[in-house]
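The next block holds one structure in the form of structure tokens; read it before the comments.
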Amino acid sequence: MPPRPRPPKPLGTITRGTTNPNRLRRADRWLTGPQAYRLRRAADPLVVDLGYGAAPVTAVELFTRLRRVRDDVEVVGIEIDPERVAAAEPLTRPGLGFRRGGFELPLDGRRPAVVRAFNVLRQYGEDEYGAHWEEVRSRLAAGGLFVDGTCDEIGRRSTWAALEPSGPVSLTVSLRFGAFTLPSDVAERLPKALIHRNVEGERVHGYLRALDRAWLEAAPAASFGHRQRWLAMCAALREAGWPLLDGPSRWRLGEVTVAWDAVRPS
């Protein structure tokens with residue numbers, strides 16, 4: 001008998017894998033809010049939590065939250081570390097499973113409607129993220145979404161890039177009121193594509209400076225609370241010509257989304 005062929009090696013490397021319960025609530029709120037239509041329209045409601053980490057808590061939370069959007073959603077947590085997959089398997093249930101793999105997304109030929117990867121690519125080199133973006137994008141379903149994000153340890157400061165099969169479309173900043181002095185405090189949590197570009201002459205640097213300037217100019221609204229000040233800041237950005245893709249209903253949450261062209265690397 002010829003030897004069985006070995007399965008292909010997962011694409012990627014094992015990362016630190018630290019996580020905390022409810023850490024990704026801000027991104028999940030966005031997926032179940034303005035992005036929920038993608039799941040509702042999907043022929044195959046398959047969602048991937050890519051690189052869920054040492055504990056599968058974020059995959060379980062994502063499954064629970066997305067079930068409110070569509071009760072036949074299927075969430076697959078993918079991890080490159082076999083020990084992490086083995087540890088997660090007891091939590092398998094109908095609609096929720098775990099597999100070993102990487103950016104190649106071992107899904108038996110199925111194309112996911114959503115792939116969420118948080119605090120994964122930030123641990124790779126700046127010369128590596130582009131190839132991994134391309135790999136995941138090439139495996140999305142038509143109209144699918146890849147979310148590459150970063151956040152602090154308990155999810156107070158988050159950013160994420162949204163990518164469709166055709167390429168990146170937006171950058172979202174989401175901050176907990178009271179957890180920052182200036183909006184640019186989130187700079188250390190930018191996605192890998194942008195974190196090294198926060199320098200003079202780069203678009204994302206100009207965007208963060210504009211956020212700070214509008215936040216400071218909105219100081220008179222602070223007497224009505226952080227939320228009203230954030231709303232005033234976002235309205236001023238839009239009036240100044242920044243291509244914001246959301247409105248007050250999202251701004252009220254400490255969130256703002258701008259078109260990728262406004263922040264893309266030079």
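Letters A, B, ... go to the chains of the structure tokens in the order shown; residues in each chain start at 1; ligands are counted from 1 in the same order.
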Closest-contact table, stretch 52-95 of chain A side, partner stretch 112-117 of chain A, 12 Å, counting only C-alpha atoms, as CSV:
```
residue,atom,partner,partner_atom,distance
A:Tyr52,CA,A:Ala117,CA,7.6
A:Gly53,CA,A:Ala117,CA,10.2
A:Thr58,CA,A:Arg116,CA,10.3
A:Ala59,CA,A:Arg116,CA,9.7
A:Leu62,CA,A:Arg116,CA,9.5
A:Phe63,CA,A:Arg116,CA,11.9
A:Leu66,CA,A:Val114,CA,10.9
A:Val73,CA,A:Ala113,CA,10.0
A:Glu74,CA,A:Pro112,CA,9.5
A:Val75,CA,A:Val114,CA,9.4
A:Val76,CA,A:Val115,CA,9.5
A:Gly77,CA,A:Arg116,CA,9.7
A:Ile78,CA,A:Ala117,CA,9.8
A:Glu79,CA,A:Ala117,CA,10.6
```
Practice item. Please identify all polymer residues within 7 Å of stretch 118-134 of chain A, counting only C-alpha atoms, omitting same-chain residues fewer than 3 positions from it, and present them as a list of chain:residue names. Key: A:Thr15, A:Gly51, A:Phe103, A:Arg137, A:Ser138, A:Asp148, A:Gly149, A:Thr150, A:Cys151, A:Pro191, A:Lys192, A:Ala193
Check your understanding: With only C-alpha atoms as the atoms that count, which of A:Ser249, A:Ser266, A:Thr32, A:Ser158 lies nearest to A:Gly201?
Key ->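 Closest to A:Gly201, using only C-alpha atoms: A:Ser266.
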Practice item. Identify, on the basis of only C-alpha atoms, every residue whose closest approach to stretch 81-94 of chain A does not exceed 7 Å; exclude the query and any residue fewer than 3 positions from it along the same chain; express the result as a list in words. Key: Ile14, Ala54, Pro56, Gly97, Phe98, Arg99 and Arg100 of chain A
Strand (DSSP E) positions in stretch 50-237 of chain A, given as an mmCIF file with N, CA and C atoms, in the first residue's frame:
```
data_model
loop_
_atom_site.group_PDB
_atom_site.id
_atom_site.type_symbol
_atom_site.label_atom_id
_atom_site.label_comp_id
_atom_site.auth_asym_id
_atom_site.auth_seq_id
_atom_site.Cartn_x
_atom_site.Cartn_y
_atom_site.Cartn_z
ATOM 1 N N LEU A 50 -11.016 33.088 12.671
ATOM 2 C CA LEU A 50 -9.668 32.656 12.300
ATOM 3 C C LEU A 50 -8.646 33.071 13.354
ATOM 4 N N GLU A 74 -23.467 28.881 10.706
ATOM 5 C CA GLU A 74 -22.461 27.920 11.140
ATOM 6 C C GLU A 74 -21.154 28.658 11.368
ATOM 7 N N VAL A 75 -20.600 28.525 12.548
ATOM 8 C CA VAL A 75 -19.320 29.152 12.892
ATOM 9 C C VAL A 75 -18.264 28.065 13.038
ATOM 10 N N VAL A 76 -17.147 28.272 12.361
ATOM 11 C CA VAL A 76 -16.012 27.355 12.469
ATOM 12 C C VAL A 76 -14.822 28.131 13.014
ATOM 13 N N GLY A 77 -14.310 27.703 14.157
ATOM 14 C CA GLY A 77 -13.096 28.288 14.700
ATOM 15 C C GLY A 77 -11.890 27.564 14.124
ATOM 16 N N ILE A 78 -10.973 28.321 13.541
ATOM 17 C CA ILE A 78 -9.788 27.731 12.928
ATOM 18 C C ILE A 78 -8.552 28.210 13.672
ATOM 19 N N GLU A 79 -7.736 27.258 14.087
ATOM 20 C CA GLU A 79 -6.496 27.548 14.800
ATOM 21 C C GLU A 79 -5.368 26.692 14.237
ATOM 22 N N LEU A 96 -21.511 24.905 15.486
ATOM 23 C CA LEU A 96 -20.236 25.406 16.001
ATOM 24 C C LEU A 96 -19.218 24.274 16.003
ATOM 25 N N GLY A 97 -18.094 24.486 15.307
ATOM 26 C CA GLY A 97 -17.054 23.477 15.257
ATOM 27 C C GLY A 97 -15.677 24.109 15.218
ATOM 28 N N PHE A 98 -14.650 23.277 15.300
ATOM 29 C CA PHE A 98 -13.270 23.753 15.355
ATOM 30 C C PHE A 98 -12.401 22.884 14.451
ATOM 31 N N ARG A 99 -11.458 23.535 13.767
ATOM 32 C CA ARG A 99 -10.559 22.821 12.864
ATOM 33 C C ARG A 99 -9.155 23.388 12.970
ATOM 34 N N ARG A 100 -8.192 22.532 12.666
ATOM 35 C CA ARG A 100 -6.824 23.003 12.577
ATOM 36 C C ARG A 100 -6.592 23.552 11.177
ATOM 37 N N VAL A 114 -18.342 35.299 6.020
ATOM 38 C CA VAL A 114 -17.588 36.209 6.881
ATOM 39 C C VAL A 114 -16.394 35.464 7.459
ATOM 40 N N VAL A 115 -15.245 36.123 7.464
ATOM 41 C CA VAL A 115 -14.065 35.638 8.178
ATOM 42 C C VAL A 115 -13.627 36.757 9.106
ATOM 43 N N ARG A 116 -13.506 36.440 10.380
ATOM 44 C CA ARG A 116 -13.044 37.416 11.358
ATOM 45 C C ARG A 116 -11.701 36.956 11.915
ATOM 46 N N ALA A 117 -10.678 37.814 11.816
ATOM 47 C CA ALA A 117 -9.358 37.511 12.368
ATOM 48 C C ALA A 117 -8.930 38.700 13.217
ATOM 49 N N PHE A 118 -8.909 38.528 14.521
ATOM 50 C CA PHE A 118 -8.563 39.626 15.420
ATOM 51 C C PHE A 118 -7.278 39.310 16.181
ATOM 52 N N LEU A 145 -17.061 38.922 3.414
ATOM 53 C CA LEU A 145 -16.355 39.955 4.159
ATOM 54 C C LEU A 145 -15.243 39.324 4.992
ATOM 55 N N PHE A 146 -14.062 39.933 4.934
ATOM 56 C CA PHE A 146 -12.936 39.560 5.790
ATOM 57 C C PHE A 146 -12.652 40.732 6.709
ATOM 58 N N VAL A 147 -12.678 40.489 8.019
ATOM 59 C CA VAL A 147 -12.440 41.528 9.012
ATOM 60 C C VAL A 147 -11.099 41.252 9.688
ATOM 61 N N ASP A 148 -10.139 42.139 9.458
ATOM 62 C CA ASP A 148 -8.816 42.038 10.075
ATOM 63 C C ASP A 148 -8.706 43.128 11.120
ATOM 64 N N GLY A 149 -8.734 42.742 12.402
ATOM 65 C CA GLY A 149 -8.797 43.742 13.444
ATOM 66 C C GLY A 149 -7.798 43.547 14.572
ATOM 67 N N THR A 150 -7.710 44.576 15.397
ATOM 68 C CA THR A 150 -6.838 44.599 16.559
ATOM 69 C C THR A 150 -7.560 45.335 17.684
ATOM 70 N N CYS A 151 -7.347 44.878 18.909
ATOM 71 C CA CYS A 151 -7.948 45.581 20.047
ATOM 72 C C CYS A 151 -7.065 45.413 21.265
ATOM 73 N N ARG A 157 -10.485 49.552 23.167
ATOM 74 C CA ARG A 157 -9.989 50.265 21.991
ATOM 75 C C ARG A 157 -9.817 49.258 20.862
ATOM 76 N N SER A 158 -10.543 49.469 19.765
ATOM 77 C CA SER A 158 -10.514 48.521 18.656
ATOM 78 C C SER A 158 -10.446 49.242 17.323
ATOM 79 N N THR A 159 -9.796 48.619 16.367
ATOM 80 C CA THR A 159 -9.879 49.039 14.971
ATOM 81 C C THR A 159 -9.957 47.786 14.117
ATOM 82 N N TRP A 160 -10.566 47.927 12.956
ATOM 83 C CA TRP A 160 -10.570 46.803 12.022
ATOM 84 C C TRP A 160 -10.704 47.293 10.577
ATOM 85 N N ALA A 161 -10.002 46.586 9.719
ATOM 86 C CA ALA A 161 -10.119 46.806 8.284
ATOM 87 C C ALA A 161 -11.122 45.802 7.742
ATOM 88 N N ALA A 162 -12.000 46.255 6.861
ATOM 89 C CA ALA A 162 -12.982 45.390 6.215
ATOM 90 C C ALA A 162 -12.571 45.185 4.765
ATOM 91 N N LEU A 163 -12.530 43.922 4.348
ATOM 92 C CA LEU A 163 -12.124 43.592 2.986
ATOM 93 C C LEU A 163 -13.191 42.730 2.321
ATOM 94 N N GLU A 164 -13.455 43.025 1.065
ATOM 95 C CA GLU A 164 -14.318 42.214 0.231
ATOM 96 C C GLU A 164 -13.448 41.449 -0.762
ATOM 97 N N GLY A 167 -11.114 43.700 -2.580
ATOM 98 C CA GLY A 167 -10.082 44.459 -1.883
ATOM 99 C C GLY A 167 -10.614 45.134 -0.643
ATOM 100 N N PRO A 168 -9.748 45.879 0.079
ATOM 101 C CA PRO A 168 -10.172 46.567 1.308
ATOM 102 C C PRO A 168 -11.154 47.695 1.005
ATOM 103 N N VAL A 169 -12.135 47.867 1.890
ATOM 104 C CA VAL A 169 -13.175 48.869 1.654
ATOM 105 C C VAL A 169 -13.290 49.913 2.755
ATOM 106 N N SER A 170 -12.845 49.595 3.995
ATOM 107 C CA SER A 170 -13.055 50.568 5.065
ATOM 108 C C SER A 170 -12.152 50.292 6.256
ATOM 109 N N LEU A 171 -12.038 51.313 7.103
ATOM 110 C CA LEU A 171 -11.386 51.204 8.405
ATOM 111 C C LEU A 171 -12.371 51.703 9.451
ATOM 112 N N THR A 172 -12.552 50.913 10.500
ATOM 113 C CA THR A 172 -13.431 51.301 11.601
ATOM 114 C C THR A 172 -12.608 51.520 12.860
ATOM 115 N N VAL A 173 -12.904 52.603 13.568
ATOM 116 C CA VAL A 173 -12.355 52.876 14.892
ATOM 117 C C VAL A 173 -13.511 52.790 15.882
ATOM 118 N N SER A 174 -13.325 52.033 16.942
ATOM 119 C CA SER A 174 -14.372 51.885 17.955
ATOM 120 C C SER A 174 -13.741 52.000 19.332
ATOM 121 N N LEU A 175 -14.192 52.986 20.105
ATOM 122 C CA LEU A 175 -13.589 53.285 21.399
ATOM 123 C C LEU A 175 -14.655 53.362 22.491
#
```
Check your understanding: What's the 9 Å shell around A:Leu11, counting only C-alpha atoms, without same-chain residues fewer than 4 positions away, as a PyMOL selection string?
Key -> chain A and resi 80+101-105+132
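The two atoms in question, atom CA of A:Glu255 and atom CA of A:Glu61, are spaced 20.4 Å apart.
Straight-line separation from atom CA of A:Asp212 to atom CA of A:Pro183: 5.7 Å.
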